[in-house]
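Trainee: Handing you this structure, nothing more for now.
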Amino acid sequence: MRQLHRIAALVLAAIFAWFAYSPTAYASDAADVAEVVAALDDLDQWVGDGDNGAKWRSYLMSPELREQLALGAEADPAVVSRVLQQYESDATGLDKRRFTATRQRLKSWLDALKSQYVGNLAKLAWATRGDHVPIDEDRFSHARDRMRTAAQRLEQRIGVDSAFAAGWKEYLRWNLLQPHFSDDVRITGQSLRDLDSVLRRLRSNKPGLEHPVFTETADALEQYRELAFWYALGQRRDTRPRYNSFLLELEKQLLRNQEAPTVESTRQIGKVVGLIRQLGDTSGLASQVKQEFGRSNMLLKVSSAAVQQLAQRPVTETTPVRDCILGARVVGTANSCGVLSVRTKHGADHIAVELQLAGNIQSNTFSYKKPVRVSSTGSTNYIATKQLEVSDELFRLLPSAASARTKTRTHSVKKMGGKFGARLIERIARKKVAESKPQAEYVAARHAEQQVVEKFDKQVVEALYQARQNYDTKLRPPLQRIGMFPEQLHMSSTTSNVKIEATLASYRQISTDRLPPGSREDNDLALQVHESAVNNIVPHLIAGATIQQESEDQAPTIEGDVPPWLKKLGEDPKVKEQFAAKKRDEQTPDFKPWAFVLNSEHPISVSFQDGKITLRIRIAELKTFEDGEESVQKNWDFLVTYRIEQEDNRVVLRREGKIEALPTGFDPVWFGDPRWGEKLSAREVGIRKNLEDNINKRVADGGGFPLEIELPPLELPVAENKKQELLLHQLECDEGWLTLGYRLP
């Protein structure tokens with residue numbers, strides 16, 4: 001019994017020892033602290049108590065460091081990081097042994113302090129707010145050289161002084177970029193706005209901008225533009241407090257997101273993460289945030305049954321026959337009738353499908369072998385298969401395989417070249433035809449297999465080439481041009497479905513940390529879109545655009561760097577007729593012209609919550625005209641809510657409630673929460689009421705946001721002159737996700 005007690009005591013002692021000395025325990029931090037204290041004491045003794053020692057202690061922030069050392073594991077990593085920056089500066093003498101030893105111990109302790117917050121992004125953001133090192137001349141020059149080199153490479157590729165190059169330079173506003181090629185360029189607010197103008201053109205959806213020389217220039221210019229601002233700011237004051245404010249904002253938004261993610265919180269998180277990445281992610285914080293908020297925000301799943309129905313089609317063909325079988329020349333015609341079908345197969349990192357062409361060939365031929373002619377008909381059943389693998393990188397075809405079986409029927413055997421000896425020759429020929437029939441059918445079947453494979457290969461290769469051309473010219477390039485090609489694009493397949501997952505987010509955006517809700521297993525087509533996918537791509541379409549309406553009988557116009565199809569909306573005959581009707585009918589007597597400029601970073605966003613879609617329009621500048629006077633309000637947003645409903649196979653959006661107005665960036669979810677102090681000033685309350693009264697009156701009079709928006713049903717390809725609609729089977733809109741599920745009719 002005494003032995004059992006001893007064993008139990010040893011086990012308990014081992015357990016307590018493991019917890020006491022585990023890597024995350026305070027003891028580890030205490031050891032690091034002791035090493036820093038010892039190194040600092042040695043350094044203090046070495047530099048001495050005189051003026052030189054006092055200067056070193058002041059420069060190296062030794063009093064502040066000792067305060068943090070006294071706090072142990074509760075020390076503020078930002079202060080420790082600031083001290084470490086002093087030790088890593090280029091001050092003369094810091095390469096001496098005692099400075100180096102203190103620097104190394106200090107770095108180890110800082111790493112230990114930050115390791116406490118691994119897995120807690122909000123606390124990690126707080127812990128890394130002191131990591132920013134002001135942009136010096138070397139870093140700025142390096143970014144400028146990279147941008148300049150990329151721009152020069154672009155110039156060379158487009159022809160430098162050619163007419164072609166002149167056209168591109170005019171479009172890209174190259175004259176605004178050229179001053180930044182100089183080593184002595186002066187960074188001002190206007191020069192930064194010029195860079196923004198060039199960047200918007202480089203990131204527009206203009207054909208040609210997808211080529212690497214353009215995208216590489218855009219990437220280099222984005223980094224140069226960010227560093228140029230911080231470099232210029234650093235020439236006037238210390239940029240670390242400003243950087244700290246961004247990290248504190250990131251901490252706040254991460255905490256908010258844990259409790260209730262909103263469009264505003266994810267927008268701010270992405271903005272700060274992009275800044276950190278461009279300035280140099282020394283702590284790995286940006287990478288961790290991007291990893292946490294890097295789930296796919298767009299998913300498409302298509303059942304094998306739907307793939308089969310969409311791809312299946314009859315194949316009919318009449319062709320001449322020209323062949324040689326067992327020494328006989330064969331001529332005639334063949335009528336082929338088959339069905340092309342598709343079956344999905346397992347593919348972990350690609351879409352794998354098997355194409356199958358099954359059918360029958362009916363032939364009517366004459367065989368010539370002196371001195372007789374044989375008339376016959378044949379029936380060949382065949383099956384040809386081909387494997388296809390599709391991914392973003394490649395579309396690959398595997399060799400085709402085919403099997404065929406031929407049956408023939410002889411109708412006549414006739415001697416050619418006169419009647420002499422005809423009966424004997426025809427009798428002998430009929431006997432030989434009968435004897436060679438199995439072999440002839442075998443040869444004919446093999447020839448049929450070869451011909452089917454050749455035609456099948458040609459048709460599939462042509463279709464695949466066209467599909468690849470469409471992918472490479474219509475799907476990929478627009479996303480490459482605007483810098484939004486998915487960071488993650490995964491295609492896969494099983495025997496029951498095909499699945500495509502994508503993450504749409506630029507370097508200054510995040511996607512989501514939430515998994516999509518489940519889609520019904522019996523959906524034949526399921527599309528799931530997270531609000532971040534929409535919100536991330538919209539800025540590249542209409543950022544900074546100006547929308548205005550000068551009279552009630554004229555449609556609003558859109559100006560700015562926007563897609564051509566958006567500008568043409570107001571020119572649509574149906575839209576023009578709607579507004580022209582107002583001129584014929586009684587017009588609203590108090591219509592006032594208006595114009596607004598959309599926010600240049602986040603002009604419009606959507607939110608998918610509780611069966612509703614909320615549209616938030618961010619307006620940088622709103623102008624209204626009344627009695628010849630102009631009224632201007634800046635940085636206000638309008639929020640319009642639509643309930644999403646199903647009517648048969650259609651999706652219908654119905655406007656709900658009144659339109660709200662809020663200052664840009666104000667998050668209504670946190671209104672009145674004492675933790676964040678989100679509240680409007682008395683002035684903002686007054687402006688808000690006036691804006692809401694004005695916009696809701698305009699809408700009530702028939703202007704602006706429609707009461708109802710109807711989205712047409714999805715239609716299958718026309719078959720037998722009949723239109724068929726996919727059956728809307730699932731419609732869900734909540735927690736940031738919109739799910740649409742359809743079934744085959």
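Ordered as shown in the structure tokens, chains take letters A, B, and onward, while each chain numbers its residues from 1 and ligands are numbered from 1 in the order shown.
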Give the helix (DSSP H, G or I) residues of region 499-543 of chain A, as assigned by DSSP on the backbone, as a ChimeraX atom specification.

Mentor: /A:531-537,539-542

Trainee: Need to verify the contact set: Thr494 (chain A), 10 Å, only C-alpha atoms, exclusion of same-chain residues closer than 2 positions in sequence. Can you return it as a list in words?

Mentor: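 Close residues of Thr494 (chain A): Ser303, Ser304, Arg343, Thr344, Lys345, His346, Gly347, Ala348, Ile351, Ala352, Val353, Ser492, Ser496, Asn497, Val498 and Lys499 of chain A.
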
Trainee: Just want the 10 Å neighbourhood of Leu464 (chain A), counted on only C-alpha atoms, with same-chain residues fewer than 2 positions away dropped. Output as a list in words.

Mentor: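 So the residues in contact are Leu388, Val390, Phe395, Arg396, Leu397, Lys458, Gln459, Val460, Val461, Glu462, Gln466, Ala467, Arg468, Gln469 and Asn470 of chain A.
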
Trainee: Taking the backbone alone, and naming residues the way the document does, which bits of region 330-405 of chain A are strand (DSSP E) by DSSP, as a ChimeraX atom specification?

Mentor: /A:330-345,351-369,372-390,395-397,401-405

Trainee: Per residue of region 363-446 of chain A within 10 Å of region 317-322 of chain A, record the nearest atom pair and its distance in Å to one decimal, counting only C-alpha atoms, with rows in chain order and ascending residue number, as a Markdown table.

Mentor:
| residue | atom | partner | partner_atom | distance |
| --- | --- | --- | --- | --- |
| A:Ser363 | CA | A:Val321 | CA | 8.1 |
| A:Asn364 | CA | A:Val321 | CA | 8.7 |
| A:Thr365 | CA | A:Val321 | CA | 7.5 |
| A:Phe366 | CA | A:Val321 | CA | 9.5 |

Trainee: Dump C-alpha atoms for the selected residues as a CSV table (one decimal), in the first residue's frame?

Mentor:
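again04.csv, freshly written:
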chain,number,residue,atom,x,y,z
A,363,SER,CA,-24.8,1.8,-94.2
A,364,ASN,CA,-25.8,1.0,-97.7
A,365,THR,CA,-22.7,0.0,-99.8
A,366,PHE,CA,-21.4,-1.6,-102.9

Trainee: Could you jot down the CA of Ser551 (chain A) to CA of Asp701 (chain A) separation for me, Å, one decimal place?

Mentor: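 Those two atoms sit 14.1 Å apart.
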
Trainee: If we count only C-alpha atoms, what is near region 215-229 of chain A at a cut-off of 9 Å, once residues fewer than 6 positions away on the same chain are taken out, given as a VMD selection string?

Mentor: chain A and resid 135 139 to 140 142 to 144 146 to 151 153 to 154 187 to 189 192 195 to 196 198 to 199 202 to 203 209 275 278 to 279 480 to 483

Trainee: Go ahead and save the picked residues with C-alpha atoms, as a compact mmCIF listing (two decimals), in the first residue's frame.

Mentor:
# COMPACT_ATOMS: atom_id res chain seq x y z
CA ILE A 135 9.64 54.26 -44.03
CA ARG A 139 12.74 51.38 -48.52
CA PHE A 140 11.03 54.16 -50.44
CA HIS A 142 13.47 50.39 -53.48
CA ALA A 143 9.70 50.62 -54.00
CA ARG A 144 10.17 53.44 -56.51
CA ARG A 146 10.53 48.45 -58.59
CA MET A 147 7.67 50.60 -59.87
CA ARG A 148 9.91 52.42 -62.33
CA THR A 149 11.38 49.17 -63.68
CA ALA A 150 7.91 47.66 -64.17
CA ALA A 151 6.71 50.82 -65.93
CA ARG A 153 9.21 47.22 -69.10
CA LEU A 154 5.60 48.08 -69.94
CA ILE A 187 5.17 63.72 -52.72
CA THR A 188 2.08 65.87 -52.22
CA GLY A 189 -1.61 65.26 -51.78
CA LEU A 192 -0.92 60.88 -54.55
CA LEU A 195 -1.30 57.96 -58.63
CA ASP A 196 -4.80 56.89 -57.60
CA VAL A 198 -3.46 55.99 -62.82
CA LEU A 199 -4.13 52.96 -60.61
CA LEU A 202 -4.57 50.14 -64.61
CA ARG A 203 -7.13 48.16 -62.62
CA LEU A 209 -4.77 44.94 -69.10
CA LEU A 275 -1.96 48.45 -45.16
CA GLN A 278 2.17 46.82 -48.01
CA LEU A 279 4.22 48.38 -45.21
CA GLN A 480 -6.99 39.57 -63.67
CA ARG A 481 -7.37 43.14 -64.94
CA ILE A 482 -8.95 44.40 -61.73
CA GLY A 483 -6.60 42.43 -59.48

Trainee: Between CA of Pro674 (chain A) and CA of Ser607 (chain A), what is the distance in Å, rounded to a tenth?

Mentor: 24.3 Å

Trainee: Excluding Pro179 (chain A) and its own-chain neighbours fewer than 5 positions away, which residues fall within 9 Å of it when counting only C-alpha atoms? Please give them as a list of chain:residue names.

Mentor: A:Val185, A:Arg186, A:Ser191

Trainee: Write the residues you've just listed into a file as a JSON list (two decimals), in the first residue's frame, and include N, CA and C atoms for each of them.

Mentor:
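Full text of again.json as output:
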[["chain", "number", "residue", "atom", "x", "y", "z"],
["A", 185, "VAL", "N", 11.31, 63.42, -56.89],
["A", 185, "VAL", "CA", 9.88, 63.73, -56.94],
["A", 185, "VAL", "C", 9.41, 64.21, -55.56],
["A", 186, "ARG", "N", 8.52, 65.18, -55.58],
["A", 186, "ARG", "CA", 7.96, 65.71, -54.33],
["A", 186, "ARG", "C", 6.58, 65.09, -54.12],
["A", 191, "SER", "N", -0.13, 64.74, -55.92],
["A", 191, "SER", "CA", 0.62, 63.69, -56.62],
["A", 191, "SER", "C", 0.10, 62.31, -56.23]]
